[in-house]
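This is coords_21.txt (compact mmCIF, C-alpha atoms and all ligand atoms).
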# COMPACT_ATOMS: atom_id res chain seq x y z
CA MET P 1 7.08 -12.88 -171.97
CA ALA P 2 4.69 -15.83 -171.85
CA ALA P 3 4.79 -17.94 -168.70
CA PRO P 4 6.53 -21.28 -169.26
CA VAL P 5 4.09 -24.11 -169.93
CA SER P 6 3.93 -26.69 -167.17
CA ASN P 7 2.77 -30.24 -167.59
CA PRO P 8 2.07 -32.30 -164.45
CA PHE P 9 3.10 -35.45 -166.33
CA LEU P 10 6.65 -34.11 -166.59
CA GLU P 11 7.01 -33.04 -162.96
CA GLN P 12 7.93 -34.50 -159.58
CA ASN P 13 8.54 -38.23 -159.99
CA LEU P 14 7.14 -38.15 -163.49
CA ALA P 15 10.15 -36.08 -164.57
CA PRO P 16 12.39 -38.12 -166.85
CA VAL P 17 15.94 -39.14 -165.98
CA THR P 18 18.66 -38.15 -168.41
CA GLU P 19 21.24 -40.93 -168.17
CA GLU P 20 21.58 -44.63 -168.79
CA LEU P 21 23.38 -46.25 -165.86
CA THR P 22 24.89 -49.63 -165.09
CA ALA P 23 25.72 -50.41 -161.47
CA TYR P 24 26.95 -53.67 -159.96
CA ASP P 25 26.63 -55.35 -156.54
CA LEU P 26 24.01 -53.10 -155.04
CA LYS P 27 23.55 -52.46 -151.35
CA VAL P 28 20.80 -54.59 -149.81
CA THR P 29 19.09 -53.97 -146.48
CA GLY P 30 17.65 -57.16 -145.00
CA GLN P 31 17.95 -60.55 -146.66
CA LEU P 32 16.93 -61.30 -150.24
CA PRO P 33 15.26 -64.72 -150.41
CA GLU P 34 17.61 -67.08 -152.27
CA GLN P 35 14.72 -68.38 -154.39
CA LEU P 36 14.53 -64.97 -156.02
CA THR P 37 17.08 -65.46 -158.77
CA GLY P 38 16.19 -63.63 -161.96
CA ARG P 39 15.35 -60.14 -163.10
CA TYR P 40 12.75 -57.57 -162.10
CA MET P 41 12.11 -55.25 -165.02
CA ARG P 42 9.79 -52.28 -165.39
CA ASN P 43 8.96 -50.08 -168.37
CA GLY P 44 7.70 -46.52 -168.45
CA PRO P 45 7.79 -43.31 -170.45
CA ASN P 46 11.01 -41.35 -170.19
CA PRO P 47 10.86 -38.64 -172.85
CA MET P 48 14.07 -37.36 -174.31
CA ALA P 49 14.93 -33.73 -173.72
CA ASP P 50 13.07 -32.09 -176.57
CA VAL P 51 9.37 -32.68 -175.75
CA ASP P 52 6.90 -29.82 -175.92
CA PRO P 53 5.24 -29.65 -172.48
CA ASP P 54 2.14 -28.09 -174.01
CA ARG P 55 1.51 -31.12 -176.21
CA TYR P 56 3.18 -33.92 -174.25
CA HIS P 57 0.95 -36.83 -173.30
CA TRP P 58 2.33 -39.20 -170.65
CA PHE P 59 1.61 -42.23 -172.85
CA VAL P 60 3.87 -41.11 -175.70
CA GLY P 61 7.20 -40.64 -173.92
CA ALA P 62 10.00 -42.88 -175.22
CA GLY P 63 10.13 -46.10 -173.23
CA MET P 64 12.86 -46.72 -170.69
CA VAL P 65 13.25 -50.13 -169.08
CA HIS P 66 14.76 -50.38 -165.61
CA GLY P 67 16.08 -53.75 -164.50
CA ILE P 68 17.52 -55.28 -161.35
CA ARG P 69 19.19 -58.68 -161.34
CA LEU P 70 18.91 -60.77 -158.16
CA GLU P 71 21.04 -63.88 -157.73
CA ILE P 72 21.01 -66.21 -154.70
CA GLY P 73 20.56 -63.48 -152.12
CA ASN P 74 22.57 -60.79 -153.93
CA ALA P 75 21.58 -57.84 -156.08
CA ARG P 76 24.02 -58.16 -158.98
CA TRP P 77 23.11 -55.18 -161.13
CA TYR P 78 20.83 -52.29 -161.96
CA ARG P 79 20.47 -51.02 -165.49
CA ASN P 80 18.22 -48.53 -167.22
CA ARG P 81 18.03 -48.33 -171.00
CA TRP P 82 15.91 -46.42 -173.43
CA VAL P 83 14.08 -48.79 -175.75
CA ARG P 84 15.48 -48.02 -179.21
CA SER P 85 13.08 -46.83 -181.84
CA PRO P 86 14.66 -45.25 -184.94
CA GLU P 87 13.91 -41.84 -183.37
CA VAL P 88 15.48 -42.68 -180.01
CA ALA P 89 18.54 -44.19 -181.69
CA ALA P 90 18.95 -41.05 -183.81
CA SER P 91 18.73 -38.85 -180.71
CA LEU P 92 21.46 -40.95 -179.09
CA GLY P 93 23.65 -40.77 -182.21
CA GLU P 94 23.27 -44.50 -182.90
CA PRO P 95 22.30 -46.42 -186.04
CA ALA P 96 18.63 -47.33 -186.35
CA PRO P 97 17.68 -50.61 -184.68
CA GLN P 98 17.10 -53.72 -186.76
CA SER P 99 13.50 -54.32 -187.71
CA ASP P 100 11.55 -57.36 -188.94
CA TRP P 101 9.00 -55.03 -190.53
CA PRO P 102 9.02 -53.46 -193.96
CA ALA P 103 10.52 -49.99 -194.26
CA GLY P 104 7.99 -47.35 -193.28
CA HIS P 105 6.17 -49.50 -190.74
CA GLY P 106 5.53 -47.27 -187.73
CA ALA P 107 7.86 -47.81 -184.80
CA PHE P 108 7.90 -46.29 -181.35
CA ALA P 109 10.08 -46.90 -178.30
CA ALA P 110 7.62 -49.32 -176.65
CA ASN P 111 7.01 -47.78 -173.23
CA THR P 112 4.31 -49.65 -171.38
CA ASN P 113 5.28 -53.16 -170.36
CA VAL P 114 8.23 -55.51 -170.35
CA PHE P 115 7.91 -59.26 -170.01
CA ALA P 116 9.59 -62.48 -171.07
CA HIS P 117 8.12 -65.09 -173.40
CA ASN P 118 9.80 -68.06 -175.08
CA GLY P 119 13.08 -66.98 -173.49
CA LYS P 120 12.98 -63.50 -175.01
CA THR P 121 12.55 -60.16 -173.27
CA ILE P 122 9.92 -58.02 -174.95
CA ALA P 123 9.03 -54.35 -174.44
CA SER P 124 5.50 -53.66 -175.59
CA VAL P 125 2.98 -50.92 -176.22
CA GLU P 126 -0.44 -50.64 -177.86
CA ALA P 127 -2.17 -48.66 -180.61
CA GLY P 128 -0.49 -50.38 -183.56
CA PHE P 129 3.15 -49.99 -182.62
CA PRO P 130 5.28 -53.14 -182.72
CA PRO P 131 6.91 -54.92 -179.80
CA ILE P 132 10.67 -54.56 -179.35
CA GLU P 133 12.94 -57.43 -178.35
CA LEU P 134 15.63 -56.73 -175.74
CA THR P 135 18.59 -58.72 -174.47
CA ASP P 136 18.63 -60.02 -170.90
CA GLU P 137 20.68 -56.88 -170.16
CA LEU P 138 18.03 -54.59 -171.68
CA GLU P 139 19.83 -53.66 -174.89
CA THR P 140 17.58 -53.42 -177.95
CA VAL P 141 17.86 -56.41 -180.29
CA LYS P 142 15.25 -55.54 -182.90
CA ILE P 143 11.74 -54.37 -183.62
CA THR P 144 10.05 -57.75 -183.84
CA ASN P 145 7.11 -59.31 -185.65
CA PHE P 146 7.40 -62.67 -183.87
CA ASP P 147 9.05 -64.54 -186.75
CA GLY P 148 6.74 -62.95 -189.28
CA THR P 149 3.56 -64.13 -187.55
CA LEU P 150 2.25 -60.86 -186.07
CA PRO P 151 -0.19 -59.28 -188.56
CA HIS P 152 0.18 -55.70 -187.29
CA ALA P 153 -0.78 -54.49 -183.82
CA PHE P 154 0.19 -55.90 -180.44
CA SER P 155 -0.69 -54.76 -176.93
CA ALA P 156 1.04 -53.71 -173.75
CA HIS P 157 -0.93 -56.34 -171.85
CA PRO P 158 -0.69 -59.95 -172.92
CA LYS P 159 -2.32 -62.29 -170.37
CA ARG P 160 -0.59 -65.61 -169.90
CA ASP P 161 -2.90 -68.58 -169.50
CA PRO P 162 -1.36 -70.44 -166.55
CA HIS P 163 -2.51 -73.80 -167.96
CA THR P 164 -1.03 -73.47 -171.44
CA GLY P 165 1.60 -70.73 -171.13
CA GLU P 166 0.06 -69.04 -174.18
CA LEU P 167 -0.43 -65.26 -174.34
CA HIS P 168 -3.90 -63.83 -174.99
CA VAL P 169 -3.86 -60.33 -176.40
CA MET P 170 -6.48 -57.76 -177.51
CA THR P 171 -5.12 -55.30 -180.03
CA TYR P 172 -6.33 -52.14 -181.75
CA TRP P 173 -5.04 -49.73 -184.37
CA TRP P 174 -6.74 -46.65 -185.77
CA GLY P 175 -5.83 -47.75 -189.31
CA TRP P 176 -8.22 -50.72 -189.07
CA GLY P 177 -11.23 -48.46 -188.62
CA ASN P 178 -13.94 -49.99 -186.48
CA GLN P 179 -12.20 -53.22 -185.61
CA LEU P 180 -10.18 -54.93 -182.90
CA GLN P 181 -8.06 -58.04 -183.25
CA TYR P 182 -7.73 -60.87 -180.72
CA ILE P 183 -4.44 -62.75 -180.85
CA VAL P 184 -3.07 -65.85 -179.17
CA VAL P 185 0.71 -66.27 -179.07
CA GLY P 186 1.95 -69.83 -178.62
CA VAL P 187 4.66 -70.93 -176.22
CA ASP P 188 7.02 -70.93 -179.22
CA GLY P 189 6.64 -67.14 -179.49
CA ARG P 190 4.63 -67.31 -182.73
CA VAL P 191 1.10 -66.01 -183.24
CA LYS P 192 -1.13 -69.11 -183.58
CA HIS P 193 -4.61 -67.56 -183.71
CA THR P 194 -6.10 -64.24 -184.79
CA LEU P 195 -9.71 -63.08 -184.83
CA ASP P 196 -11.03 -59.76 -186.12
CA ILE P 197 -13.77 -58.23 -183.97
CA PRO P 198 -15.99 -55.49 -185.44
CA VAL P 199 -16.91 -52.69 -183.02
CA PRO P 200 -18.96 -49.48 -183.50
CA GLY P 201 -15.98 -47.10 -183.30
CA GLY P 202 -12.27 -47.00 -182.58
CA PRO P 203 -11.98 -47.70 -178.85
CA MET P 204 -8.71 -47.55 -176.93
CA VAL P 205 -8.48 -51.12 -175.61
CA HIS P 206 -5.62 -51.21 -173.16
CA ASP P 207 -5.90 -54.69 -171.70
CA ILE P 208 -7.72 -58.00 -171.77
CA ALA P 209 -9.00 -60.42 -169.16
CA ILE P 210 -9.43 -64.13 -169.68
CA THR P 211 -11.40 -66.82 -167.91
CA GLU P 212 -11.39 -70.57 -168.55
CA ARG P 213 -14.15 -70.01 -171.15
CA TYR P 214 -13.88 -66.43 -172.36
CA ALA P 215 -11.66 -63.59 -173.49
CA LEU P 216 -13.08 -60.23 -172.36
CA VAL P 217 -13.36 -57.31 -174.81
CA PHE P 218 -13.32 -53.86 -173.19
CA ASP P 219 -15.29 -51.75 -175.69
CA LEU P 220 -15.48 -48.50 -173.73
CA PRO P 221 -16.14 -44.85 -174.56
CA CYS P 222 -12.59 -43.57 -174.98
CA VAL P 223 -12.29 -43.64 -178.75
CA PHE P 224 -10.14 -42.48 -181.62
CA SER P 225 -10.93 -38.83 -182.39
CA LEU P 226 -10.27 -37.62 -185.90
CA GLU P 227 -10.75 -34.08 -184.62
CA ALA P 228 -8.00 -34.55 -182.01
CA ALA P 229 -5.76 -36.25 -184.58
CA THR P 230 -6.28 -33.44 -187.07
CA ALA P 231 -5.48 -30.90 -184.37
CA GLY P 232 -2.14 -32.65 -183.83
CA ALA P 233 -2.86 -34.30 -180.47
CA SER P 234 -0.03 -36.63 -179.51
CA LEU P 235 -2.60 -39.18 -178.30
CA PRO P 236 -5.83 -38.72 -180.33
CA TYR P 237 -8.22 -40.66 -178.08
CA ARG P 238 -11.02 -38.84 -176.30
CA TRP P 239 -14.01 -39.56 -174.09
CA ASP P 240 -17.24 -39.88 -176.12
CA ASN P 241 -20.52 -39.52 -174.23
CA ASP P 242 -22.41 -41.03 -177.18
CA TYR P 243 -20.39 -44.26 -177.36
CA GLU P 244 -21.96 -47.21 -175.56
CA ALA P 245 -19.85 -48.81 -172.82
CA ARG P 246 -19.90 -52.58 -173.01
CA ILE P 247 -17.82 -55.62 -172.21
CA GLY P 248 -17.79 -58.53 -174.63
CA LEU P 249 -17.57 -62.18 -173.58
CA LEU P 250 -15.83 -63.91 -176.47
CA PRO P 251 -15.77 -67.71 -176.22
CA ARG P 252 -12.06 -68.46 -176.48
CA ASN P 253 -12.52 -70.68 -179.51
CA GLY P 254 -15.41 -68.65 -180.90
CA VAL P 255 -15.89 -66.07 -183.62
CA ALA P 256 -17.05 -62.47 -183.33
CA GLN P 257 -20.73 -63.43 -183.80
CA ASP P 258 -20.48 -65.61 -180.67
CA ILE P 259 -19.68 -62.66 -178.39
CA THR P 260 -22.19 -61.84 -175.67
CA TRP P 261 -22.04 -58.06 -175.28
CA CYS P 262 -22.84 -56.78 -171.79
CA PRO P 263 -23.70 -53.06 -171.65
CA ILE P 264 -22.36 -51.35 -168.51
CA ASP P 265 -22.59 -47.86 -167.05
CA PRO P 266 -20.09 -45.54 -168.77
CA CYS P 267 -16.57 -45.74 -167.33
CA TYR P 268 -13.06 -46.53 -168.46
CA ILE P 269 -11.02 -49.60 -167.53
CA PHE P 270 -7.31 -49.73 -168.19
CA HIS P 271 -6.63 -52.78 -166.04
CA PRO P 272 -8.56 -55.79 -164.89
CA MET P 273 -7.27 -57.37 -161.69
CA ASN P 274 -8.61 -60.76 -162.78
CA ALA P 275 -11.73 -62.49 -164.07
CA TYR P 276 -13.21 -65.95 -163.69
CA ASP P 277 -16.23 -68.03 -164.63
CA ASP P 278 -19.05 -68.51 -162.13
CA GLY P 279 -21.92 -70.57 -163.55
CA ASP P 280 -23.40 -68.74 -166.54
CA SER P 281 -21.60 -65.57 -165.49
CA VAL P 282 -18.15 -64.04 -165.45
CA VAL P 283 -16.86 -62.19 -162.39
CA LEU P 284 -14.57 -59.30 -163.29
CA ASP P 285 -12.57 -57.29 -160.76
CA ALA P 286 -11.01 -54.20 -162.33
CA VAL P 287 -9.98 -50.64 -161.61
CA ARG P 288 -12.73 -48.29 -162.74
CA HIS P 289 -12.12 -44.70 -163.88
CA PRO P 290 -15.23 -42.49 -164.08
CA ARG P 291 -14.15 -41.41 -167.59
CA MET P 292 -10.91 -40.95 -169.57
CA PHE P 293 -9.35 -38.13 -171.60
CA ASP P 294 -12.33 -35.84 -171.24
CA ARG P 295 -11.29 -32.87 -169.09
CA GLU P 296 -7.58 -33.83 -168.87
CA THR P 297 -6.03 -34.91 -172.17
CA ARG P 298 -2.34 -35.10 -171.17
CA GLY P 299 -2.70 -38.23 -169.05
CA PRO P 300 -5.19 -40.18 -166.94
CA ASP P 301 -6.66 -37.90 -164.27
CA GLU P 302 -10.46 -37.91 -164.34
CA GLY P 303 -11.33 -38.53 -160.71
CA ALA P 304 -10.68 -41.36 -158.29
CA ALA P 305 -10.08 -44.80 -159.74
CA THR P 306 -11.71 -47.48 -157.58
CA LEU P 307 -11.55 -51.27 -157.38
CA ASP P 308 -14.88 -52.56 -158.67
CA ARG P 309 -16.60 -55.84 -159.45
CA TRP P 310 -18.86 -56.60 -162.38
CA VAL P 311 -20.80 -59.84 -162.76
CA LEU P 312 -21.50 -60.32 -166.46
CA ASN P 313 -24.10 -62.83 -167.66
CA GLY P 314 -22.88 -64.85 -170.63
CA ILE P 315 -26.43 -65.87 -171.64
CA ASP P 316 -28.38 -62.61 -171.72
CA GLY P 317 -25.73 -59.88 -171.43
CA SER P 318 -27.13 -58.53 -168.16
CA SER P 319 -24.71 -57.36 -165.49
CA THR P 320 -24.36 -56.10 -161.95
CA HIS P 321 -21.73 -53.72 -160.62
CA ASP P 322 -20.38 -52.94 -157.14
CA THR P 323 -17.40 -51.15 -155.66
CA ILE P 324 -15.04 -53.40 -153.69
CA SER P 325 -12.84 -50.55 -152.45
CA ASP P 326 -13.22 -46.82 -152.98
CA VAL P 327 -9.58 -46.12 -152.12
CA ALA P 328 -7.97 -44.49 -155.16
CA GLN P 329 -5.74 -47.11 -156.76
CA GLU P 330 -4.37 -48.58 -159.97
CA PHE P 331 -1.97 -51.21 -161.33
CA PRO P 332 -3.88 -54.25 -160.02
CA ARG P 333 -2.08 -57.59 -159.95
CA VAL P 334 -2.88 -61.04 -158.62
CA ASP P 335 -1.03 -64.26 -158.10
CA GLU P 336 -0.67 -65.07 -161.78
CA ARG P 337 -1.07 -68.79 -161.20
CA LEU P 338 -4.75 -67.78 -160.80
CA ILE P 339 -5.27 -65.77 -163.99
CA GLY P 340 -8.71 -66.73 -165.27
CA GLN P 341 -9.58 -68.52 -162.02
CA ARG P 342 -11.15 -67.40 -158.77
CA HIS P 343 -8.79 -65.23 -156.72
CA ARG P 344 -9.05 -63.81 -153.24
CA PHE P 345 -6.15 -61.36 -152.97
CA GLY P 346 -5.10 -58.51 -155.20
CA TYR P 347 -2.30 -55.97 -154.98
CA THR P 348 -2.42 -52.36 -156.18
CA ALA P 349 -0.62 -49.05 -155.91
CA GLY P 350 -2.42 -46.10 -154.40
CA ILE P 351 -2.89 -43.17 -156.73
CA GLY P 352 -2.79 -39.57 -155.62
CA GLN P 353 -3.30 -36.49 -157.74
CA VAL P 354 -1.99 -36.67 -161.32
CA PHE P 355 -1.23 -40.36 -160.99
CA ALA P 356 1.28 -39.86 -158.18
CA GLN P 357 2.03 -43.35 -156.92
CA ASP P 358 1.86 -43.66 -153.16
CA ALA P 359 0.75 -46.47 -150.86
CA LEU P 360 0.99 -50.16 -151.61
CA MET P 361 -2.23 -52.08 -150.96
CA LYS P 362 -3.39 -55.66 -150.56
CA THR P 363 -7.12 -56.25 -150.91
CA ASP P 364 -9.08 -59.30 -149.84
CA VAL P 365 -11.80 -59.17 -152.48
CA ASP P 366 -13.93 -61.67 -150.53
CA SER P 367 -14.19 -59.48 -147.43
CA GLY P 368 -13.38 -56.09 -148.98
CA GLU P 369 -10.67 -55.62 -146.35
CA VAL P 370 -7.81 -53.42 -147.57
CA GLU P 371 -4.34 -53.51 -146.01
CA ARG P 372 -2.55 -50.30 -146.84
CA ARG P 373 1.14 -50.00 -146.03
CA SER P 374 1.65 -47.24 -143.51
CA ASP P 375 4.98 -45.97 -144.91
CA SER P 376 3.50 -43.99 -147.79
CA ASP P 377 4.44 -40.64 -146.24
CA ARG P 378 8.02 -41.50 -147.11
CA TYR P 379 7.75 -43.95 -149.98
CA GLY P 380 5.85 -43.76 -153.26
CA TYR P 381 5.24 -47.27 -154.56
CA GLY P 382 4.84 -48.31 -158.16
CA GLU P 383 3.06 -51.33 -159.54
CA PRO P 384 3.39 -54.42 -157.35
CA VAL P 385 4.03 -57.92 -158.61
CA PHE P 386 3.35 -61.08 -156.59
CA ILE P 387 5.82 -63.98 -156.58
CA PRO P 388 4.74 -67.26 -154.94
CA ARG P 389 7.21 -68.80 -152.47
CA ASP P 390 7.13 -72.00 -154.50
CA ALA P 391 4.91 -73.67 -157.06
CA GLU P 392 2.64 -75.22 -154.41
CA ALA P 393 2.41 -72.19 -152.09
CA ALA P 394 -0.96 -70.80 -150.97
CA GLU P 395 -2.40 -67.80 -152.81
CA ASP P 396 -0.71 -65.11 -150.73
CA ASP P 397 2.30 -67.14 -149.55
CA GLY P 398 5.16 -65.33 -151.22
CA TRP P 399 6.51 -61.87 -151.86
CA VAL P 400 5.27 -58.62 -153.26
CA MET P 401 7.94 -56.79 -155.17
CA ALA P 402 7.68 -53.12 -156.15
CA LEU P 403 9.85 -50.16 -156.93
CA ARG P 404 9.48 -47.27 -154.51
CA LEU P 405 10.88 -43.76 -154.37
CA ASP P 406 12.40 -42.73 -151.05
CA SER P 407 11.40 -39.09 -150.66
CA GLN P 408 14.22 -38.55 -148.14
CA THR P 409 17.05 -39.62 -150.45
CA GLY P 410 15.44 -38.92 -153.82
CA LEU P 411 16.57 -42.40 -154.90
CA SER P 412 14.54 -45.46 -155.73
CA GLU P 413 14.58 -48.90 -154.18
CA LEU P 414 13.25 -52.33 -154.96
CA ALA P 415 11.22 -53.49 -151.97
CA VAL P 416 10.55 -57.19 -151.37
CA ILE P 417 7.67 -57.59 -148.94
CA ASP P 418 6.28 -60.75 -147.34
CA ALA P 419 2.73 -60.80 -148.70
CA GLN P 420 1.36 -62.28 -145.45
CA ARG P 421 3.12 -59.63 -143.33
CA PHE P 422 2.14 -56.87 -145.64
CA ASP P 423 2.68 -53.83 -143.41
CA GLU P 424 5.92 -55.01 -141.81
CA ASP P 425 9.35 -53.86 -142.90
CA PRO P 426 10.29 -55.41 -146.25
CA VAL P 427 12.31 -58.62 -145.97
CA ALA P 428 14.78 -56.93 -148.29
CA VAL P 429 15.34 -53.55 -149.89
CA VAL P 430 17.69 -53.17 -152.86
CA HIS P 431 19.09 -49.64 -152.99
CA LEU P 432 19.39 -48.24 -156.49
CA PRO P 433 21.87 -45.55 -157.52
CA ALA P 434 19.17 -43.55 -159.31
CA ARG P 435 15.63 -42.30 -159.25
CA VAL P 436 13.20 -44.41 -161.24
CA PRO P 437 10.38 -42.19 -162.52
CA ASN P 438 6.84 -43.38 -161.91
CA GLY P 439 6.05 -45.57 -164.86
CA PHE P 440 3.80 -48.33 -165.99
CA HIS P 441 4.31 -52.06 -165.85
CA GLY P 442 6.89 -54.59 -164.82
CA ASN P 443 7.43 -58.24 -164.19
CA TRP P 444 9.63 -60.62 -162.28
CA VAL P 445 11.33 -63.06 -164.63
CA PRO P 446 12.90 -65.96 -162.75
CA ASP P 447 15.89 -67.59 -164.43
CA ARG P 448 14.10 -70.91 -164.73
CA SER P 449 11.49 -69.32 -167.03
FE FE L 501 -1.40 -50.77 -168.49
Please render this file's structure as structure tokens.
Amino acid sequence: MAAPVSNPFLEQNLAPVTEELTAYDLKVTGQLPEQLTGRYMRNGPNPMADVDPDRYHWFVGAGMVHGIRLEIGNARWYRNRWVRSPEVAASLGEPAPQSDWPAGHGAFAANTNVFAHNGKTIASVEAGFPPIELTDELETVKITNFDGTLPHAFSAHPKRDPHTGELHVMTYWWGWGNQLQYIVVGVDGRVKHTLDIPVPGGPMVHDIAITERYALVFDLPCVFSLEAATAGASLPYRWDNDYEARIGLLPRNGVAQDITWCPIDPCYIFHPMNAYDDGDSVVLDAVRHPRMFDRETRGPDEGAATLDRWVLNGIDGSSTHDTISDVAQEFPRVDERLIGQRHRFGYTAGIGQVFAQDALMKTDVDSGEVERRSDSDRYGYGEPVFIPRDAEAAEDDGWVMALRLDSQTGLSELAVIDAQRFDEDPVAVVHLPARVPNGFHGNWVPDRS
């Protein structure tokens, strides 16, 4: 008898949960700051029971959103819900979700991010699959096209310009061939600007960075592979040694011909921490992977991901590159009031083998000093998010919020940490009645938004 196939992206805290839960009035240790009234939500893959471990890629598991509602010092509820695609709904014995798109338009249970915009909660993913609108309580409303304004693809990673409130998005879809599309979504939730960007191949473009002047285009050597697609790969993107790695500086009101392309040494970037203008140049801090989907094609695991800085010249396309911190890490976030502007502090989750999430880190990118929470033997932390104490607070005056798995109980918690007392006990811990598998991205959505 053949040995059962194992897949590290289905094991330990990457193993899916099997139930949707709703729990009220959760136990809290410590004191939740009263200002924190709203929802913390996080999306991630949670495949349904019938996946083939031999073929399963972490990025294609059906999305499940976990949410915790905080209200004036109390933790009112926890919910987890699969995002409904037609396939997920069928598996659950439910009717197919409503869709704004014509019949036959591809749909997938968006599994990568969850955010709010124009008062709506949106689960999102990349690669041509549409965003899915949820209720405040995480039930699927419909597969959305933003009132008919979204041409086709969206992204998991819109960046909100803190001055305008608009979302800047870089999208890709294999069906376009050698082309990306830059999108701006207005504060009314409608796409207000699109720009097609020709590129030499079909790169996987996971994220975008913006500065006051530019949108950054990550044209990197993990590209659509017809060979992998033909072979039935669930995620047909592969490392290509022959594809030039470059970052484009697109003037935000410019056209594709205006882009300054800056060649860089081959690497892969899922996530910028932030970027900003500095004279003729752009400073980019981002997590650098040595390569992507080369040796390991079931998920990201190609050697240590480090926090690096590139300085990209907008005049001549030259660049410099340094490592800020060689501690293995991912999921970089900053104080989002500073998106596109100079930042000093960033927050990340440590990454062990096979994307195991472990320590929580705060990095001073000016000094290179890294504060690493010392409780990672017991707790595995997911992506952090920073919440300022108030609108006028200093850059790190506020809280870092993250889900963590308690290895002693096997249950997850929402930790709220004072960002200036980073290694002290959290000011509050919300105890959840379930394990939240390691996932991707989340956001704090205050009620006033
Ligand atoms: Fe991401």
So the first atom is atom CA of Pro131 of chain P and the second is atom CA of Thr144 of chain P; what is the distance between them in Å, to one decimal place?
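Atom CA of Thr144 of chain P lies at a distance of 5.8 Å from atom CA of Pro131 of chain P.
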Contacts of chain P with ligand FE 501 (chain L) up to 7 Å, shortest pair per row, all atoms listed in the file, as CSV:
residue,atom,partner,partner_atom,distance
P:Thr112,CA,L:FE501,FE,6.5
P:Ala156,CA,L:FE501,FE,6.5
P:His157,CA,L:FE501,FE,6.5
P:His206,CA,L:FE501,FE,6.3
P:Asp207,CA,L:FE501,FE,6.8
P:Phe270,CA,L:FE501,FE,6.0
P:His271,CA,L:FE501,FE,6.1
P:Phe440,CA,L:FE501,FE,6.3
P:His441,CA,L:FE501,FE,6.4
Which value, in Å to one decimal, gives the distance between atom CA of Leu414 of chain P and atom CA of Arg435 of chain P?
11.2 Å
Counting only C-alpha atoms, which of P:Asn43, P:Phe59, P:Leu220, P:Leu167 gets nearest to Pro300 of chain P?
P:Phe59
Taking all atoms listed in the file into account, name the residue in P:Leu216, P:Ile351, P:Leu432, P:Ala96 that is nearest to Asp326 of chain P.
P:Ile351
Spatial neighbours of Gly30 of chain P, 9 Å, only C-alpha atoms, chain gap at least 6 places, as a list in words
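Residues meeting the cut-off are Pro426, Val427, Ala428, Val429 and Val430 of chain P.
Of the residues listed (P:Thr297, P:Thr320, P:Gln98, P:Asn438), P:Thr297 shows the shortest atom-to-atom separation from Ala228 of chain P; distances use only C-alpha atoms.
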Around all listed atoms of segment 373-383 of chain P, padded 8 Å per side, what centre and edge lengths does the axis-aligned box have in Å to one decimal, as lines of an AutoDock Vina configuration file?
center_x = 4.6
center_y = -46.0
center_z = -151.5
size_x = 22.9
size_y = 26.7
size_z = 32.0
Atom CA of Pro446 of chain P and atom CA of Leu307 of chain P, how far apart in Å?
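Atom-to-atom, atom CA of Leu307 of chain P and atom CA of Pro446 of chain P are spaced 29.0 Å apart.
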Top pick for closest residue to Pro266 of chain P, considering P:Val51, P:Val17, P:Leu180, P:Met292 and counting only C-alpha atoms:
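Nearest to Pro266 of chain P: P:Met292.
In terms of minimum interatomic distance to Asp358 of chain P, P:Gly380 ranks closest within P:Pro86, P:Gly380, P:Pro151, P:Gly175, counting all atoms listed in the file.
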I'd like the contact shell of Trp77 of chain P - 6 Å cut-off, only C-alpha atoms, skipping same-chain residues fewer than 6 positions apart - returned as a PyMOL selection string.
chain P and resi 23-25+68-69
